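Student: work-v2.cif is the file, holding mmCIF, C-alpha atoms:
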```
data_target
loop_
_atom_site.label_atom_id
_atom_site.label_comp_id
_atom_site.auth_asym_id
_atom_site.auth_seq_id
_atom_site.Cartn_x
_atom_site.Cartn_y
_atom_site.Cartn_z
CA MET E 300 4.49 24.98 2.22
CA GLN E 301 5.62 22.68 5.03
CA ALA E 302 7.24 19.51 3.71
CA VAL E 303 5.32 16.28 4.29
CA ILE E 304 6.75 12.78 4.69
CA ALA E 305 4.27 9.89 4.94
CA LEU E 306 5.28 6.53 6.40
CA ILE E 307 4.25 2.95 5.70
CA THR E 308 6.07 0.16 7.54
CA ASP E 309 5.60 -3.26 9.09
CA PHE E 310 7.47 -2.17 12.24
CA GLY E 311 4.52 -1.87 14.61
CA THR E 312 4.88 0.56 17.51
CA LYS E 313 6.31 -1.65 20.29
CA ASP E 314 10.05 -1.50 19.63
CA GLY E 315 10.70 2.16 18.92
CA PHE E 316 11.78 1.67 15.31
CA VAL E 317 9.29 4.20 13.97
CA GLY E 318 10.32 6.71 16.61
CA ALA E 319 13.99 6.31 15.67
CA MET E 320 13.18 7.03 12.01
CA LYS E 321 11.25 10.13 12.97
CA GLY E 322 14.09 11.28 15.21
CA VAL E 323 16.55 11.05 12.32
CA MET E 324 14.25 12.96 9.98
CA LEU E 325 13.48 15.71 12.49
CA SER E 326 17.18 16.12 13.31
CA ILE E 327 17.74 16.95 9.64
CA ASN E 328 14.55 18.95 9.06
CA PRO E 329 12.93 20.14 12.33
CA GLN E 330 10.07 21.77 10.41
CA LEU E 331 9.03 18.50 8.80
CA GLN E 332 5.44 17.28 9.02
CA ILE E 333 5.37 13.48 9.39
CA VAL E 334 2.20 11.48 8.75
CA ASP E 335 1.80 7.83 9.77
CA ILE E 336 -0.24 5.99 7.15
CA THR E 337 0.29 2.65 8.91
CA HIS E 338 2.95 0.70 10.77
CA HIS E 339 0.89 -2.46 10.91
CA VAL E 340 1.47 -4.01 7.52
CA GLU E 341 1.67 -7.77 8.03
CA PRO E 342 5.36 -8.48 8.70
CA PHE E 343 7.36 -9.05 5.48
CA ASN E 344 4.22 -8.70 3.31
CA VAL E 345 5.44 -6.45 0.50
CA PHE E 346 2.24 -6.89 -1.51
CA GLU E 347 0.13 -5.64 1.39
CA GLY E 348 2.35 -2.58 1.79
CA ALA E 349 2.11 -1.91 -1.93
CA LEU E 350 -1.69 -2.19 -1.85
CA LEU E 351 -1.97 0.23 1.05
CA LEU E 352 0.32 2.73 -0.68
CA LYS E 353 -1.76 2.48 -3.86
CA ALA E 354 -4.96 3.01 -1.90
CA HIS E 355 -3.85 6.14 -0.05
CA TYR E 356 -1.05 8.05 -1.82
CA LYS E 357 -3.40 10.12 -3.99
CA TYR E 358 -4.99 11.82 -0.99
CA PHE E 359 -1.74 13.53 0.01
CA PRO E 360 -0.63 16.98 -1.17
CA LYS E 361 1.63 17.30 -4.17
CA GLY E 362 5.25 17.08 -3.17
CA THR E 363 4.70 14.48 -0.44
CA ILE E 364 7.57 12.04 0.11
CA PHE E 365 6.49 8.49 0.92
CA VAL E 366 8.91 6.40 2.97
CA CYS E 367 7.82 2.78 2.64
CA VAL E 368 9.73 0.13 4.56
CA VAL E 369 8.47 -3.42 4.33
CA ASP E 370 11.84 -4.93 3.73
CA PRO E 371 12.47 -8.65 4.29
CA GLY E 372 15.59 -8.31 2.12
CA VAL E 373 17.23 -5.61 4.24
CA GLY E 374 21.01 -5.83 3.94
CA SER E 375 20.86 -8.09 0.88
CA SER E 376 21.52 -7.25 -2.76
CA ARG E 377 18.17 -5.47 -3.24
CA LYS E 378 18.72 -1.78 -4.00
CA PRO E 379 17.71 1.18 -1.83
CA LEU E 380 15.82 3.62 -4.05
CA ALA E 381 14.54 7.15 -4.31
CA VAL E 382 11.89 7.38 -7.03
CA ARG E 383 10.03 10.35 -8.46
CA CYS E 384 6.85 10.06 -10.49
CA GLY E 385 4.53 12.95 -11.18
CA SER E 386 4.25 15.12 -8.08
CA TYR E 387 5.34 12.46 -5.58
CA THR E 388 8.60 10.95 -4.33
CA PHE E 389 9.01 7.44 -2.94
CA VAL E 390 11.91 6.26 -0.79
CA GLY E 391 12.48 2.65 0.23
CA PRO E 392 13.69 -0.75 -0.93
CA HIS E 393 13.45 -1.88 -4.55
CA ASN E 394 11.30 -4.91 -3.81
CA GLY E 395 8.01 -3.97 -5.46
CA ILE E 396 6.48 -1.91 -2.69
CA PHE E 397 6.05 1.09 -5.03
CA ASP E 398 4.84 -0.94 -8.00
CA LEU E 399 1.05 -0.72 -7.65
CA ALA E 400 1.07 3.05 -7.04
CA LEU E 401 3.48 3.70 -9.90
CA ARG E 402 1.46 1.55 -12.30
CA GLU E 403 -1.67 3.49 -11.40
CA MET E 404 0.08 6.84 -11.82
CA GLY E 405 1.40 5.82 -15.22
CA GLY E 406 3.83 8.71 -15.60
CA HIS E 407 7.53 8.97 -16.30
CA ILE E 408 9.56 7.31 -13.54
CA LEU E 409 12.91 8.66 -12.36
CA ALA E 410 14.72 6.14 -10.14
CA TYR E 411 18.01 6.56 -8.29
CA GLN E 412 19.98 4.02 -6.30
CA ILE E 413 20.73 5.60 -2.94
CA GLU E 414 24.43 6.04 -2.28
CA ASN E 415 24.68 9.41 -0.52
CA TYR E 416 23.16 11.28 2.44
CA THR E 417 22.85 8.17 4.62
CA LEU E 418 23.90 7.67 8.23
CA SER E 419 27.02 5.72 9.16
CA ARG E 420 25.91 2.13 9.70
CA VAL E 421 27.21 -0.35 12.26
CA ASN E 422 24.99 -3.10 10.86
CA GLU E 423 22.75 -3.76 7.87
CA THR E 424 19.47 -4.52 9.63
CA PHE E 425 17.81 -1.09 9.90
CA HIS E 426 17.88 0.70 6.56
CA GLY E 427 14.68 2.51 7.54
CA ARG E 428 16.64 4.54 10.08
CA ASP E 429 20.06 4.58 8.47
CA ILE E 430 19.27 5.04 4.76
CA PHE E 431 15.66 5.87 3.96
CA ALA E 432 14.89 8.33 6.78
CA PRO E 433 17.91 10.61 6.26
CA VAL E 434 17.60 10.60 2.48
CA ALA E 435 13.89 11.46 2.67
CA ALA E 436 14.61 14.27 5.13
CA HIS E 437 17.30 15.77 2.89
CA LEU E 438 14.92 15.57 -0.08
CA SER E 439 12.31 17.38 2.01
CA LEU E 440 14.79 20.28 2.32
CA GLY E 441 15.02 20.56 -1.46
CA LEU E 442 17.96 18.29 -2.24
CA PRO E 443 17.82 17.43 -5.98
CA ILE E 444 16.91 13.77 -6.23
CA GLU E 445 19.76 13.06 -8.66
CA GLU E 446 22.24 13.81 -5.87
CA VAL E 447 21.24 10.78 -3.79
CA GLY E 448 22.97 8.36 -6.18
CA LYS E 449 23.18 7.00 -9.68
CA ARG E 450 20.22 6.89 -12.07
CA ILE E 451 18.90 3.39 -12.75
CA THR E 452 16.04 1.89 -14.75
CA TYR E 453 13.05 1.12 -12.58
CA THR E 454 11.80 -2.45 -12.94
CA PHE E 455 8.43 -3.71 -11.77
CA LEU E 456 8.59 -6.75 -9.52
CA LEU E 457 5.04 -7.32 -8.24
CA GLN E 458 2.31 -8.89 -10.31
CA TRP E 459 -1.17 -7.43 -9.85
CA GLU E 460 -3.64 -10.04 -11.05
CA GLU E 461 -6.41 -8.30 -12.94
CA PRO E 462 -9.98 -9.60 -12.68
CA VAL E 463 -11.27 -11.50 -15.69
CA ALA E 464 -14.34 -10.25 -17.57
CA CYS E 465 -16.50 -12.70 -19.51
CA GLY E 466 -19.90 -11.63 -20.75
CA ASN E 467 -21.68 -9.92 -17.87
CA GLN E 468 -19.40 -11.55 -15.27
CA VAL E 469 -16.26 -10.13 -13.69
CA ARG E 470 -14.29 -12.77 -11.80
CA GLY E 471 -11.82 -11.62 -9.21
CA LYS E 472 -10.38 -12.69 -5.88
CA ILE E 473 -9.92 -11.51 -2.32
CA VAL E 474 -6.53 -9.85 -1.85
CA TYR E 475 -6.63 -8.14 1.57
CA PHE E 476 -8.49 -8.03 4.89
CA ASP E 477 -8.90 -4.76 6.76
CA ARG E 478 -8.99 -4.58 10.57
CA PHE E 479 -12.80 -4.94 10.55
CA GLY E 480 -12.59 -8.23 8.69
CA ASN E 481 -13.90 -6.77 5.45
CA CYS E 482 -12.58 -8.62 2.40
CA ILE E 483 -11.08 -6.34 -0.25
CA THR E 484 -11.03 -7.79 -3.76
CA ASN E 485 -9.02 -6.97 -6.87
CA VAL E 486 -12.23 -5.90 -8.69
CA PRO E 487 -12.49 -2.14 -9.29
CA CYS E 488 -15.66 -0.38 -8.20
CA GLY E 489 -18.26 -0.28 -10.94
CA ALA E 490 -21.92 -0.53 -11.87
CA TYR E 491 -22.56 -4.08 -10.68
CA THR E 492 -26.05 -5.43 -10.15
CA GLU E 493 -25.36 -8.55 -8.11
CA ALA E 494 -22.53 -10.71 -6.84
CA GLU E 495 -21.71 -14.34 -6.12
CA PHE E 496 -19.51 -15.85 -3.43
CA ARG E 497 -19.06 -19.56 -2.82
CA GLY E 498 -21.85 -20.27 -5.26
CA LYS E 499 -24.41 -18.07 -3.50
CA LYS E 500 -25.91 -14.78 -4.62
CA ALA E 501 -25.07 -11.63 -2.67
CA ARG E 502 -26.45 -8.10 -2.82
CA ILE E 503 -24.61 -4.99 -3.91
CA VAL E 504 -25.28 -2.17 -1.44
CA SER E 505 -24.09 1.39 -0.99
CA HIS E 506 -23.20 1.34 2.73
CA PHE E 507 -22.58 -1.19 5.49
CA LEU E 508 -25.90 -0.95 7.36
CA GLU E 509 -27.96 -1.26 4.19
CA GLN E 510 -27.53 -5.03 4.44
CA LYS E 511 -29.35 -7.29 6.90
CA GLU E 512 -27.38 -8.57 9.87
CA ASN E 513 -25.51 -11.87 9.36
CA GLU E 514 -25.91 -11.73 5.57
CA PRO E 515 -22.80 -11.07 3.44
CA ALA E 516 -22.93 -8.38 0.77
CA PHE E 517 -20.64 -6.35 -1.46
CA LEU E 518 -20.02 -2.63 -1.73
CA CYS E 519 -17.57 -0.18 -3.27
CA GLY E 520 -14.99 0.39 -0.55
CA SER E 521 -12.57 3.18 0.23
CA PHE E 522 -9.72 1.39 -1.61
CA GLY E 523 -11.63 1.94 -4.86
CA LEU E 524 -12.21 -1.83 -4.96
CA MET E 525 -15.22 -4.01 -4.28
CA GLU E 526 -15.42 -5.43 -0.76
CA LEU E 527 -17.25 -8.39 0.74
CA PHE E 528 -18.50 -7.69 4.27
CA LEU E 529 -20.86 -8.68 7.08
CA PRO E 530 -22.70 -5.82 8.80
CA MET E 531 -21.14 -5.07 12.22
CA ASP E 532 -19.08 -8.25 12.04
CA SER E 533 -15.92 -9.74 10.57
CA ALA E 534 -16.66 -11.55 7.33
CA LYS E 535 -13.12 -12.93 7.40
CA ASP E 536 -13.53 -14.58 10.78
CA ARG E 537 -17.21 -15.49 10.74
CA LEU E 538 -17.09 -17.07 7.27
CA LYS E 539 -13.47 -18.30 7.60
CA ILE E 540 -12.54 -16.59 4.35
CA LYS E 541 -9.05 -17.06 2.91
CA LEU E 542 -7.00 -14.84 0.65
CA GLY E 543 -7.38 -15.82 -2.99
CA GLU E 544 -10.99 -16.97 -2.76
CA GLU E 545 -12.97 -16.17 -5.90
CA VAL E 546 -15.70 -13.57 -6.16
CA VAL E 547 -17.99 -12.88 -9.10
CA LEU E 548 -19.52 -9.48 -9.84
CA LEU E 549 -22.37 -9.26 -12.34
CA THR E 550 -23.17 -6.36 -14.63
CA LYS E 551 -26.27 -5.71 -16.68
CA SER E 552 -26.52 -8.07 -19.64
#
```
Take the structure in the file and give it back as structure tokens.
Tutor:
Amino acid sequence: MQAVIALITDFGTKDGFVGAMKGVMLSINPQLQIVDITHHVEPFNVFEGALLLKAHYKYFPKGTIFVCVVDPGVGSSRKPLAVRCGSYTFVGPHNGIFDLALREMGGHILAYQIENYTLSRVNETFHGRDIFAPVAAHLSLGLPIEEVGKRITYTFLLQWEEPVACGNQVRGKIVYFDRFGNCITNVPCGAYTEAEFRGKKARIVSHFLEQKENEPAFLCGSFGLMELFLPMDSAKDRLKIKLGEEVVLLTKS
């Protein structure tokens, strides 16, 4: 089976950084299949990168290597890691970007601090190209993960705030906006009957056009989380919604 490496970064596509990483990987493994999950994580937003990884990793074939580079601490004391959990491998900085996916997977975690198989570096500002890309490419060729460096204990750094259940209410908050302006919450999809936002009732619907135009509603979104939306519009912009705003989902009494 052709090896797959999937990429998540905050690099964008203007400056050629993603292309340089791919060039390094293909120089090591020309048969590699590279998939871009996204390169438009909000700059420096590790939580957003972690949420996107959590949302999408499970749809990739077993054996996929995820290279995740949202790395405001590049060149600092934070460790470069290669991590294996279940059928997947994760390569990137130890800053919490793997935390949400690993918590969801719940399996045994093998973590190694990267020391070998890197490029020679003239600076410490582009570990995506010089450390993570070559290591991931060598792993895609079958390099045993323990050869990249010393074994360390993985520590979780990000806090995922769980929604709070009380009676028939589940109180959560908005944690992410997609490019359509839909508002993703931290509330898992479930059998909810109604919702509240800013003190007003809102419907639960099954798809976007089930709701009337200009009226906010909630549905179970593709992240596996409840989303607040406006049909054919940006709820974020139209309603001037901010991250952290509270939502309430109601279940049957």
Student: Identify all residues satisfying the PyMOL selection byres ((chain E and resi 330-338) around 10) in the given file; provide them as JSON, numbers by chain.
Tutor: {"E": [301, 302, 303, 304, 305, 306, 307, 308, 309, 310, 311, 312, 316, 317, 321, 324, 325, 326, 327, 328, 329, 339, 340, 341, 342, 348, 351, 352, 355, 356, 359, 363, 364, 365, 366, 367, 368, 369, 436, 439, 440]}
Student: With the file shown as input, list the residues that the PyMOL selection byres ((chain E and resi 484-491) around 8) selects, as a VMD selection string.
Tutor: chain E and resid 460 to 462 469 to 475 482 to 483 492 to 494 503 519 to 520 523 to 527 546 548 to 551
Student: I'd like to see the residues matched by the PyMOL selection byres ((chain E and resi 430) around 9) on this file, and ideally I'd get them as a CSV table (one decimal) with C-alpha atoms, keeping the file's coordinate frame.
Tutor:
```
chain,number,residue,atom,x,y,z
E,379,PRO,CA,17.7,1.2,-1.8
E,391,GLY,CA,12.5,2.6,0.2
E,413,ILE,CA,20.7,5.6,-2.9
E,414,GLU,CA,24.4,6.0,-2.3
E,415,ASN,CA,24.7,9.4,-0.5
E,416,TYR,CA,23.2,11.3,2.4
E,417,THR,CA,22.8,8.2,4.6
E,418,LEU,CA,23.9,7.7,8.2
E,419,SER,CA,27.0,5.7,9.2
E,420,ARG,CA,25.9,2.1,9.7
E,425,PHE,CA,17.8,-1.1,9.9
E,426,HIS,CA,17.9,0.7,6.6
E,427,GLY,CA,14.7,2.5,7.5
E,428,ARG,CA,16.6,4.5,10.1
E,429,ASP,CA,20.1,4.6,8.5
E,431,PHE,CA,15.7,5.9,4.0
E,432,ALA,CA,14.9,8.3,6.8
E,433,PRO,CA,17.9,10.6,6.3
E,434,VAL,CA,17.6,10.6,2.5
E,435,ALA,CA,13.9,11.5,2.7
```
Student: May I have the residues within 10 Å of Glu514 of chain E as a list in words, using all atoms listed in the file and disregarding those fewer than 6 positions away in the same chain?
Tutor: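 Listed by chain and then number, they are Ala501, Arg502, Phe528, Leu529, Pro530 and Ala534 of chain E.
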Student: Nearest residue to Asp398 of chain E out of E:Lys353, E:Arg497, E:Lys539, E:His506, using only C-alpha atoms?
Tutor: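 Smallest distance to Asp398 of chain E is found for E:Lys353.
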Student: Which residue gives the smallest distance to Arg383 of chain E among E:Gly322, E:Pro443, E:Pro515, E:Gly543, with only C-alpha atoms counted?
Tutor: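 Using only C-alpha atoms, Arg383 of chain E sits closest to E:Pro443.
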Student: Of the candidates E:Val547, E:Asn344, E:Gln458, E:Leu409, which one gets nearest to Lys500 of chain E if we count only C-alpha atoms?
Tutor: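 Closest candidate: E:Val547.
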Student: Measuring atom to atom with only C-alpha atoms, identify which of E:Lys313, E:His393, E:Arg537, E:Lys499 is nearest to Thr452 of chain E.
Tutor: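 Smallest separation from Thr452 of chain E among the options: E:His393.
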Student: Here is a test: counting all atoms listed in the file, which residue of E:Gly466, E:Leu380, E:Tyr387, E:Glu512 is nearest to Arg450 of chain E?
Tutor: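 Selected residue with least distance to Arg450 of chain E: E:Leu380.
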Student: Rounded to one decimal place, report the atom CA of Phe455 of chain E-atom CA of Gly441 of chain E distance in Å.
Tutor: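 Computed distance, atom CA of Phe455 of chain E to atom CA of Gly441 of chain E, equals 27.2 Å.
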Student: Just checking: using only C-alpha atoms, which residue out of E:Asp477, E:Ala349, E:Asn513, E:Gln412 ends up closest to Glu446 of chain E?
Tutor: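 Ranking E:Asp477, E:Ala349, E:Asn513, E:Gln412 by distance to Glu446 of chain E, first place goes to E:Gln412.
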Student: For the atom pair atom CA of Phe517 of chain E and atom CA of Glu403 of chain E, what is the interatomic distance in Å to one decimal place?
Tutor: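 Taking atom CA of Phe517 of chain E as the start and atom CA of Glu403 of chain E as the end point, the length is 23.6 Å.
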Student: Quote the spacing between atom CA of Arg377 of chain E and atom CA of His437 of chain E in Å to one decimal place.
Tutor: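 We find that atom CA of Arg377 of chain E and atom CA of His437 of chain E lie 22.1 Å from each other.
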Student: Since the input is missing atoms for segment 413-424 of chain E, could you rebuild it with all heavy atoms and give the result as a tab-separated table (two decimals), in the coordinates of the input?
Tutor:
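Generated file (out_18.tsv):
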```
chain	number	residue	atom	x	y	z
E	413	ILE	N	20.22	4.75	-4.00
E	413	ILE	CA	20.73	5.60	-2.94
E	413	ILE	C	22.17	5.22	-2.58
E	413	ILE	O	22.46	4.06	-2.28
E	413	ILE	CB	19.83	5.51	-1.70
E	413	ILE	CG1	18.45	6.08	-2.01
E	413	ILE	CG2	20.46	6.26	-0.52
E	413	ILE	CD1	17.42	5.84	-0.91
E	414	GLU	N	23.03	6.23	-2.63
E	414	GLU	CA	24.43	6.04	-2.28
E	414	GLU	C	24.94	7.13	-1.33
E	414	GLU	O	25.95	6.93	-0.64
E	414	GLU	CB	25.29	6.06	-3.56
E	414	GLU	CG	24.93	4.96	-4.56
E	414	GLU	CD	25.57	5.18	-5.92
E	414	GLU	OE1	25.65	6.35	-6.36
E	414	GLU	OE2	25.96	4.19	-6.54
E	415	ASN	N	24.23	8.25	-1.29
E	415	ASN	CA	24.68	9.41	-0.52
E	415	ASN	C	23.62	9.83	0.51
E	415	ASN	O	22.47	9.39	0.46
E	415	ASN	CB	24.96	10.59	-1.46
E	415	ASN	CG	25.91	10.20	-2.58
E	415	ASN	OD1	26.93	9.54	-2.35
E	415	ASN	ND2	25.58	10.59	-3.82
E	416	TYR	N	24.04	10.68	1.44
E	416	TYR	CA	23.16	11.28	2.44
E	416	TYR	C	22.58	10.25	3.42
E	416	TYR	O	21.49	10.45	3.97
E	416	TYR	CB	22.04	12.09	1.77
E	416	TYR	CG	22.58	13.29	1.02
E	416	TYR	CD1	22.89	13.19	-0.34
E	416	TYR	CD2	22.82	14.49	1.67
E	416	TYR	CE1	23.43	14.27	-1.03
E	416	TYR	CE2	23.35	15.58	0.98
E	416	TYR	CZ	23.66	15.46	-0.36
E	416	TYR	OH	24.19	16.54	-1.03
E	417	THR	N	23.27	9.17	3.65
E	417	THR	CA	22.85	8.17	4.62
E	417	THR	C	23.61	8.36	5.93
E	417	THR	O	24.60	9.10	5.99
E	417	THR	CB	23.12	6.75	4.08
E	417	THR	OG1	24.53	6.54	3.99
E	417	THR	CG2	22.49	6.56	2.71
E	418	LEU	N	23.17	7.70	6.98
E	418	LEU	CA	23.90	7.67	8.23
E	418	LEU	C	25.02	6.63	8.15
E	418	LEU	O	24.96	5.69	7.35
E	418	LEU	CB	22.98	7.31	9.40
E	418	LEU	CG	21.79	8.22	9.69
E	418	LEU	CD1	21.11	7.77	10.98
E	418	LEU	CD2	22.19	9.69	9.79
E	419	SER	N	26.01	6.77	9.01
E	419	SER	CA	27.02	5.72	9.16
E	419	SER	C	26.35	4.51	9.79
E	419	SER	O	25.60	4.65	10.76
E	419	SER	CB	28.18	6.20	10.04
E	419	SER	OG	28.83	7.30	9.44
E	420	ARG	N	26.62	3.32	9.24
E	420	ARG	CA	25.91	2.13	9.70
E	420	ARG	C	26.87	1.17	10.41
E	420	ARG	O	27.96	0.88	9.91
E	420	ARG	CB	25.23	1.41	8.53
E	420	ARG	CG	24.19	2.28	7.85
E	420	ARG	CD	23.38	1.52	6.82
E	420	ARG	NE	24.15	1.06	5.69
E	420	ARG	CZ	24.55	1.84	4.68
E	420	ARG	NH1	24.28	3.13	4.70
E	420	ARG	NH2	25.23	1.34	3.69
E	421	VAL	N	26.42	0.67	11.55
E	421	VAL	CA	27.21	-0.35	12.26
E	421	VAL	C	26.69	-1.74	11.94
E	421	VAL	O	27.31	-2.74	12.29
E	421	VAL	CB	27.19	-0.12	13.79
E	421	VAL	CG1	27.86	1.19	14.12
E	421	VAL	CG2	25.76	-0.15	14.33
E	422	ASN	N	25.53	-1.82	11.31
E	422	ASN	CA	24.99	-3.10	10.86
E	422	ASN	C	24.14	-2.86	9.63
E	422	ASN	O	23.99	-1.72	9.19
E	422	ASN	CB	24.18	-3.79	11.98
E	422	ASN	CG	23.02	-2.91	12.44
E	422	ASN	OD1	22.22	-2.46	11.64
E	422	ASN	ND2	22.94	-2.67	13.74
E	423	GLU	N	23.57	-3.90	9.08
E	423	GLU	CA	22.75	-3.76	7.87
E	423	GLU	C	21.33	-4.26	8.10
E	423	GLU	O	20.72	-4.89	7.24
E	423	GLU	CB	23.41	-4.55	6.72
E	423	GLU	CG	24.72	-3.95	6.23
E	423	GLU	CD	24.57	-2.58	5.57
E	423	GLU	OE1	23.44	-2.23	5.17
E	423	GLU	OE2	25.58	-1.86	5.46
E	424	THR	N	20.81	-4.00	9.31
E	424	THR	CA	19.47	-4.52	9.63
E	424	THR	C	18.41	-3.44	9.77
E	424	THR	O	17.24	-3.76	9.95
E	424	THR	CB	19.51	-5.31	10.96
E	424	THR	OG1	19.87	-4.42	12.03
E	424	THR	CG2	20.51	-6.46	10.88
```
